[in-house]
$ cat start39.cif   # mmCIF, C-alpha atoms and all ligand atoms
data_start
loop_
_atom_site.label_atom_id
_atom_site.label_comp_id
_atom_site.auth_asym_id
_atom_site.auth_seq_id
_atom_site.Cartn_x
_atom_site.Cartn_y
_atom_site.Cartn_z
CA MET A 648 100.90 120.34 90.35
CA THR A 649 97.21 121.24 90.54
CA ALA A 650 94.96 122.03 93.45
CA GLN A 651 92.77 119.02 92.58
CA THR A 652 95.61 116.55 92.77
CA THR A 653 97.57 117.87 95.71
CA SER A 654 96.64 116.73 99.17
CA SER A 655 95.72 119.55 101.53
CA GLU A 656 96.72 117.41 104.52
CA SER A 657 100.27 118.13 105.62
CA CYS A 658 102.49 115.06 105.43
CA ARG A 659 103.38 113.56 108.83
CA ARG A 660 106.48 112.03 107.24
CA CYS A 661 105.77 108.62 108.66
CA GLY A 662 107.20 107.12 105.47
CA THR A 663 104.51 104.45 105.27
CA CYS A 664 103.56 105.13 101.63
CA CYS A 665 107.19 105.47 100.47
CA LYS A 666 108.13 102.17 102.16
CA LYS A 667 105.38 100.30 100.32
CA GLY A 668 107.00 101.03 96.96
CA GLY A 669 107.50 103.74 94.42
CA PRO A 670 104.55 105.39 92.67
CA ALA A 671 103.38 104.84 89.11
CA LEU A 672 103.86 107.83 86.82
CA HIS A 673 101.17 109.67 84.88
CA LEU A 674 101.25 111.94 81.84
CA GLU A 675 101.57 114.92 84.17
CA ASP A 676 104.92 113.47 85.32
CA ARG A 677 106.45 113.25 81.84
CA VAL A 678 108.11 116.65 82.18
CA LEU A 679 109.80 115.51 85.42
CA VAL A 680 111.46 112.65 83.50
CA GLU A 681 112.27 114.73 80.43
CA GLU A 682 113.91 117.43 82.53
CA GLY A 683 115.89 114.83 84.50
CA HIS A 684 114.32 115.51 87.89
CA ILE A 685 113.34 111.84 87.92
CA PRO A 686 116.19 110.07 86.08
CA ALA A 687 115.09 107.44 83.55
CA GLN A 688 117.43 104.84 85.05
CA ASP A 689 115.43 105.04 88.30
CA LEU A 690 112.28 103.81 86.53
CA TYR A 691 111.00 100.44 85.38
CA THR A 692 108.05 99.34 83.29
CA ILE A 693 105.32 96.87 84.07
CA ARG A 694 104.53 96.06 80.45
CA GLN A 695 101.04 95.99 78.99
CA GLY A 696 99.75 92.47 79.64
CA GLU A 697 102.10 91.79 82.56
CA PRO A 698 100.43 90.78 85.82
CA ALA A 699 100.17 93.86 88.03
CA PHE A 700 98.63 94.32 91.45
CA ASP A 701 95.87 96.92 91.37
CA ASN A 702 96.04 98.67 94.75
CA VAL A 703 92.56 100.17 94.42
CA LYS A 704 90.76 97.00 93.30
CA GLY A 705 93.00 94.83 95.48
CA LEU A 706 93.65 92.21 92.82
CA LEU A 707 96.31 90.94 90.45
CA GLN A 708 95.41 91.39 86.78
CA PRO A 709 97.14 91.95 83.42
CA ALA A 710 98.16 95.60 83.03
CA VAL A 711 95.88 97.38 80.53
CA THR A 712 98.67 99.78 79.53
CA ASP A 713 102.31 100.17 80.43
CA ILE A 714 102.76 101.16 84.06
CA ILE A 715 106.00 103.07 84.62
CA LYS A 716 107.11 103.10 88.24
CA ILE A 717 109.97 104.33 90.38
CA LYS A 718 112.31 101.45 91.23
CA GLY A 719 112.71 100.10 94.72
CA GLN A 720 115.90 100.03 96.74
CA THR A 721 118.52 97.29 96.46
CA SER A 722 117.04 94.97 99.05
CA SER A 723 113.44 96.15 99.33
CA TRP A 724 110.49 97.62 97.43
CA GLN A 725 110.91 100.88 99.39
CA CYS A 726 110.98 103.78 96.91
CA ARG A 727 114.58 104.46 95.98
CA PHE A 728 114.14 108.18 96.65
CA TYR A 729 113.13 107.61 100.27
CA GLN A 730 115.81 108.33 102.86
CA SER A 731 115.17 106.36 106.04
CA HIS A 732 117.64 108.25 108.22
CA ASP A 733 115.69 111.53 108.02
CA ARG A 734 112.41 110.13 106.63
CA ALA A 735 112.68 112.42 103.64
CA CYS A 736 112.07 112.27 99.91
CA ARG A 737 115.20 113.05 97.88
CA ILE A 738 113.08 114.54 95.08
CA TYR A 739 110.38 116.11 97.24
CA GLN A 740 110.15 119.26 95.14
CA TYR A 741 109.69 117.11 92.04
CA ARG A 742 107.76 114.17 93.51
CA PRO A 743 105.26 112.69 91.07
CA LEU A 744 101.51 113.17 90.89
CA GLU A 745 100.51 110.15 93.00
CA CYS A 746 102.80 111.25 95.85
CA ARG A 747 101.30 114.74 95.78
CA ALA A 748 97.77 113.38 95.74
CA LEU A 749 98.14 110.86 98.55
CA ALA A 750 96.87 111.73 102.02
CA CYS A 751 97.02 109.13 104.79
CA SER A 752 93.56 109.96 106.16
CA ASP A 753 91.74 110.10 102.83
CA THR A 754 92.90 108.20 99.77
CA THR A 755 90.07 109.44 97.53
CA ALA A 756 92.26 111.82 95.52
CA VAL A 757 94.87 109.20 94.68
CA GLU A 758 92.19 106.59 93.94
CA ASN A 759 90.59 109.01 91.47
CA ILE A 760 93.78 109.38 89.43
CA TYR A 761 95.20 105.89 90.04
CA ASP A 762 94.53 104.33 86.62
CA GLN A 763 94.03 107.56 84.67
CA HIS A 764 96.45 108.91 82.05
CA ARG A 765 99.27 106.58 82.92
CA LEU A 766 102.63 107.44 81.40
CA THR A 767 103.75 104.84 78.84
CA ARG A 768 106.97 104.04 77.03
CA LYS A 769 105.37 105.45 73.86
CA ASP A 770 105.04 108.85 75.56
CA LEU A 771 108.73 108.84 76.42
CA PHE A 772 110.42 107.12 73.48
CA SER A 773 108.28 107.14 70.32
CA HIS A 774 110.20 110.16 69.01
CA ILE A 775 113.44 108.10 68.94
CA GLU A 776 112.58 105.99 65.90
CA SER A 777 115.19 103.22 66.05
CA LEU A 778 114.72 102.73 69.81
CA TRP A 779 110.95 102.79 69.56
CA ASP A 780 111.05 100.16 66.76
CA LEU A 781 113.09 97.94 69.06
CA ILE A 782 110.69 98.44 71.97
CA GLU A 783 107.66 97.69 69.81
CA ASP A 784 109.27 94.62 68.31
CA HIS A 785 110.17 93.33 71.78
CA GLN A 786 106.65 93.99 73.06
CA GLN A 787 105.16 92.08 70.14
CA ARG A 788 107.53 89.11 70.38
CA CYS A 789 107.42 88.88 74.16
CA ASP A 790 103.65 89.17 74.50
CA TYR A 791 102.44 87.89 77.89
CA GLU A 792 99.44 86.38 76.09
CA VAL A 793 101.76 83.57 74.89
CA ILE A 794 102.41 82.66 78.52
CA TYR A 795 98.73 82.90 79.49
CA SER A 796 97.84 80.67 76.51
CA PHE A 797 100.38 78.13 77.69
CA GLN A 798 98.88 78.14 81.16
CA ARG A 799 95.36 77.62 79.80
CA LEU A 800 96.31 74.61 77.67
CA THR A 801 95.72 71.12 78.97
CA ASP A 802 96.48 69.04 75.86
CA PRO A 803 100.07 67.68 76.34
CA THR A 804 101.12 67.94 72.67
CA ASN A 805 99.95 71.53 72.20
CA ARG A 806 101.28 72.37 75.62
CA ARG A 807 104.73 71.10 74.69
CA GLN A 808 104.73 73.16 71.48
CA LEU A 809 103.72 76.28 73.32
CA GLN A 810 106.28 75.60 76.04
CA LYS A 811 108.90 75.79 73.26
CA LYS A 812 107.51 79.16 72.19
CA VAL A 813 107.52 80.51 75.76
CA LEU A 814 111.12 79.38 76.27
CA GLU A 815 112.07 81.03 72.96
CA ILE A 816 110.68 84.40 73.96
CA ILE A 817 112.33 84.19 77.39
CA GLY A 818 115.62 83.42 75.59
CA TYR A 819 115.09 86.31 73.15
CA ASP A 820 114.33 88.70 76.02
CA THR A 821 117.49 87.66 77.86
CA HIS A 822 119.80 87.73 74.86
CA LEU A 823 118.52 91.06 73.51
CA ARG A 824 119.37 92.74 76.82
CA GLN A 825 122.81 91.12 77.00
CA LEU A 826 123.59 92.08 73.41
CA LEU A 827 122.55 95.73 73.74
CA VAL A 828 124.67 96.17 76.85
CA ALA A 829 127.65 94.22 75.47
CA LYS A 830 127.66 96.37 72.32
CA GLY A 831 127.51 99.52 74.44
CA GLN A 832 124.21 100.58 72.86
CA LEU A 833 122.30 100.83 76.13
CA ALA A 834 123.15 101.17 79.81
CA ALA A 835 122.09 98.15 81.86
CA GLU A 836 120.16 100.47 84.22
CA MET A 837 117.83 101.47 81.34
CA LEU A 838 116.72 97.96 80.37
CA ASP A 839 113.87 97.53 82.87
CA LEU A 840 112.33 100.80 81.69
CA LEU A 841 112.74 100.11 77.97
CA PHE A 842 111.81 96.41 77.92
CA GLY A 843 110.12 95.85 81.27
CA ARG A 844 111.45 93.46 83.85
CA ARG A 845 113.13 90.29 82.62
CA LEU A 846 110.67 87.58 81.61
CA ALA A 847 112.84 85.00 83.37
CA ILE A 848 111.98 86.89 86.59
CA THR A 849 108.37 87.88 85.98
CA ILE A 850 107.22 84.35 85.08
CA LYS A 851 107.74 83.53 88.75
CA GLY A 852 104.78 85.79 89.49
CA LEU A 853 102.78 83.49 87.25
CA GLY A 854 103.87 80.41 89.19
CA LEU A 855 106.45 79.34 86.57
CA LYS A 856 110.18 78.87 86.59
CA ILE A 857 112.81 77.53 84.21
CA GLY A 858 114.13 74.09 85.14
CA LYS A 859 115.80 71.06 83.64
CA GLU A 860 114.54 67.62 82.69
CA GLY A 861 117.69 65.66 81.95
CA GLN A 862 119.48 67.85 79.43
CA GLU A 863 116.30 69.56 78.32
CA ILE A 864 115.27 73.03 79.52
CA VAL A 865 111.63 73.02 80.59
CA LEU A 866 109.06 75.22 82.30
CA GLN A 867 108.17 74.08 85.77
CA SER A 868 105.68 75.13 88.40
CA ASP A 869 106.64 75.21 92.04
CA SER A 870 104.78 72.00 92.72
CA ALA A 871 105.01 69.94 89.52
CA LYS A 872 106.56 69.85 86.10
CA LEU A 873 104.27 71.32 83.46
S1 LIG B 1 109.00 109.84 95.22
FE1 LIG B 1 109.35 110.66 97.27
S2 LIG B 1 107.30 110.95 98.16
FE2 LIG B 1 107.07 109.59 96.39
S3 LIG B 1 107.21 107.47 97.20
FE3 LIG B 1 109.29 108.09 96.57
S4 LIG B 1 110.22 108.93 98.43
FE4 LIG B 1 108.01 108.89 98.77
#

$ encode --input "start39.cif" --output "structure tokens"
Amino acid sequence: MTAQTTSSESCRRCGTCCKKGGPALHLEDRVLVEEGHIPAQDLYTIRQGEPAFDNVKGLLQPAVTDIIKIKGQTSSWQCRFYQSHDRACRIYQYRPLECRALACSDTTAVENIYDQHRLTRKDLFSHIESLWDLIEDHQQRCDYEVIYSFQRLTDPTNRRQLQKKVLEIIGYDTHLRQLLVAKGQLAAEMLDLLFGRRLAITIKGLGLKIGKEGQEIVLQSDSAKL
């Protein structure tokens, strides 16, 4: 914790910021994860390229780097460390940089650090060679650019070919996770940190979903078949 990144305003414990969702982590927070104060299973990754809402700019755009965040609670985005009954943070002593920087009356400090030195999966896992190889391979195969390219296409033939590719990477993403858990190689709670959220879920944020046309699996939009 530094003087520059810690709000001088005392927290009124209204819980407003904690209820809006967990913070993103920065390099300064790495030690909190490595020492177990913020358990890895309580984190998830918005992968580089994945659509992410920028709270400062107020727009949805592809993430420039990984964004590692604290998970929400079972039925809401409320930070999973927030306790409603006493409006307290369960890890207050070890709360991350953004939480320490945020003041209700003046958000300048948190805006200044918002997209700076974000913690990435490389910072946490590149020293575990076999795991890092798997993460890199998944990131390369499941590149969001494939989905954006599909959305940009208008030619039906090319669109159909790219639809096949998108469905393949969604299938790979799903099966890799199932396999690693079934073989006991990874805990299910770690998957959203290591490989980001499931593509079958995140494509919904891009206006897509998996549907059926007869016996064929296809990509659909909410309003019309693509
Ligand atoms: S880590 Fe603590 S202070 Fe930060 S959002 Fe979660 S509950 Fe609130």

$ atom_distance --input "start39.cif" --atom1 "atom CA of A:Leu672" --atom2 "atom CA of A:Gln740"
15.5 Å

$ closest_residue --input "start39.cif" --among "A:Lys811, A:Arg694, A:Arg806, A:Lys851" --to "A:Cys789" --atoms "only C-alpha atoms"
A:Arg694

$ closest_residue --input "start39.cif" --among "A:Leu749, A:Leu771, A:Ala847, A:Leu855" --to "ligand LIG 1 (chain B)" --atoms "only C-alpha atoms and all ligand atoms"
A:Leu749

$ residues_near_point --input "start39.cif" --point "(94.5, 89.2, 82.5)" --cutoff "7 Å" --atoms "all atoms listed in the file" --output "ChimeraX atom specification"
/A:696,698,708-709

$ residues_near_ligand --input "start39.cif" --ligand "ligand LIG 1 (chain B)" --cutoff "6 Å" --atoms "all atoms listed in the file" --output "PyMOL selection string"
chain A and resi 665+669-670+726+728-729+736+738-739+742+746

$ residues_around --input "start39.cif" --residues "A:Leu840" --least-positions-apart "5" --cutoff "9 Å" --atoms "all atoms listed in the file" --output "ChimeraX atom specification"
/A:687-693,715-716,768

$ closest_residue --input "start39.cif" --among "A:Lys718, A:Phe700, A:Arg727, A:Ala735" --to "A:Arg660" --atoms "only C-alpha atoms"
A:Ala735

$ closest_residue --input "start39.cif" --among "A:Thr663, A:Gln695, A:Gln832, A:Gln808" --to "A:Ile714" --atoms "only C-alpha atoms"
A:Gln695

$ atom_distance --input "start39.cif" --atom1 "atom CA of A:Glu745" --atom2 "atom CA of A:Val757"
6.0 Å

$ closest_residue --input "start39.cif" --among "A:Asp784, A:Arg844, A:Lys856, A:Leu827" --to "A:Leu814" --atoms "only C-alpha atoms"
A:Lys856

$ residues_around --input "start39.cif" --residues "A:Leu853" --least-positions-apart "3" --cutoff "10 Å" --atoms "only C-alpha atoms" --output "count of residues only"
10

$ closest_residue --input "start39.cif" --among "A:Arg765, A:Val703, A:Leu841, A:Asn805" --to "A:Asp780" --atoms "all atoms listed in the file"
A:Leu841

$ decode --input "start39.cif" --residues "stretch 824-850 of chain A" --atoms "N, CA and C atoms" --output "short mmCIF file (atom, residue, chain, number, x, y, z; two decimals), in the first residue's frame"
data_model
loop_
_atom_site.label_atom_id
_atom_site.label_comp_id
_atom_site.auth_asym_id
_atom_site.auth_seq_id
_atom_site.Cartn_x
_atom_site.Cartn_y
_atom_site.Cartn_z
N ARG A 824 -11.66 -27.95 -20.70
CA ARG A 824 -12.00 -27.75 -19.28
C ARG A 824 -12.52 -29.05 -18.67
N GLN A 825 -13.44 -29.71 -19.41
CA GLN A 825 -14.03 -30.96 -18.90
C GLN A 825 -12.94 -32.01 -18.69
N LEU A 826 -12.02 -32.09 -19.65
CA LEU A 826 -10.97 -33.10 -19.59
C LEU A 826 -10.03 -32.87 -18.40
N LEU A 827 -9.61 -31.63 -18.22
CA LEU A 827 -8.66 -31.33 -17.14
C LEU A 827 -9.25 -31.60 -15.77
N VAL A 828 -10.54 -31.34 -15.63
CA VAL A 828 -11.21 -31.61 -14.35
C VAL A 828 -11.43 -33.12 -14.18
N ALA A 829 -11.90 -33.78 -15.26
CA ALA A 829 -12.17 -35.22 -15.18
C ALA A 829 -10.90 -36.01 -14.86
N LYS A 830 -9.77 -35.56 -15.37
CA LYS A 830 -8.50 -36.26 -15.11
C LYS A 830 -7.89 -35.85 -13.77
N GLY A 831 -8.55 -34.94 -13.07
CA GLY A 831 -8.05 -34.51 -11.76
C GLY A 831 -6.84 -33.62 -11.85
N GLN A 832 -6.60 -33.03 -13.03
CA GLN A 832 -5.39 -32.19 -13.19
C GLN A 832 -5.61 -30.77 -12.69
N LEU A 833 -6.85 -30.32 -12.72
CA LEU A 833 -7.16 -28.97 -12.24
C LEU A 833 -8.49 -28.98 -11.50
N ALA A 834 -8.59 -28.10 -10.50
CA ALA A 834 -9.87 -27.93 -9.81
C ALA A 834 -10.78 -27.06 -10.68
N ALA A 835 -12.05 -27.40 -10.71
CA ALA A 835 -13.01 -26.66 -11.54
C ALA A 835 -13.00 -25.17 -11.21
N GLU A 836 -12.76 -24.85 -9.92
CA GLU A 836 -12.80 -23.44 -9.49
C GLU A 836 -11.67 -22.61 -10.08
N MET A 837 -10.64 -23.29 -10.62
CA MET A 837 -9.47 -22.57 -11.17
C MET A 837 -9.64 -22.23 -12.65
N LEU A 838 -10.61 -22.86 -13.31
CA LEU A 838 -10.67 -22.76 -14.78
C LEU A 838 -10.88 -21.34 -15.29
N ASP A 839 -11.76 -20.59 -14.62
CA ASP A 839 -12.06 -19.24 -15.13
C ASP A 839 -10.90 -18.27 -14.93
N LEU A 840 -9.98 -18.59 -14.05
CA LEU A 840 -8.76 -17.80 -13.93
C LEU A 840 -7.75 -18.22 -15.00
N LEU A 841 -7.58 -19.52 -15.17
CA LEU A 841 -6.55 -20.02 -16.09
C LEU A 841 -6.91 -19.82 -17.55
N PHE A 842 -8.20 -20.01 -17.89
CA PHE A 842 -8.60 -19.98 -19.31
C PHE A 842 -9.69 -18.94 -19.59
N GLY A 843 -9.94 -18.07 -18.63
CA GLY A 843 -11.00 -17.08 -18.83
C GLY A 843 -12.36 -17.75 -18.70
N ARG A 844 -13.38 -16.95 -18.86
CA ARG A 844 -14.73 -17.50 -18.78
C ARG A 844 -15.02 -18.31 -20.04
N ARG A 845 -15.94 -19.27 -19.90
CA ARG A 845 -16.24 -20.16 -21.03
C ARG A 845 -16.71 -19.37 -22.24
N LEU A 846 -16.16 -19.72 -23.40
CA LEU A 846 -16.57 -19.05 -24.64
C LEU A 846 -18.07 -19.22 -24.91
N ALA A 847 -18.60 -20.38 -24.54
CA ALA A 847 -20.03 -20.62 -24.77
C ALA A 847 -20.88 -19.61 -24.01
N ILE A 848 -20.31 -19.03 -22.93
CA ILE A 848 -21.01 -18.00 -22.14
C ILE A 848 -20.69 -16.62 -22.69
N THR A 849 -19.41 -16.35 -22.94
CA THR A 849 -19.03 -14.98 -23.28
C THR A 849 -19.51 -14.55 -24.68
N ILE A 850 -19.78 -15.52 -25.57
CA ILE A 850 -20.29 -15.12 -26.89
C ILE A 850 -21.64 -14.43 -26.77
#
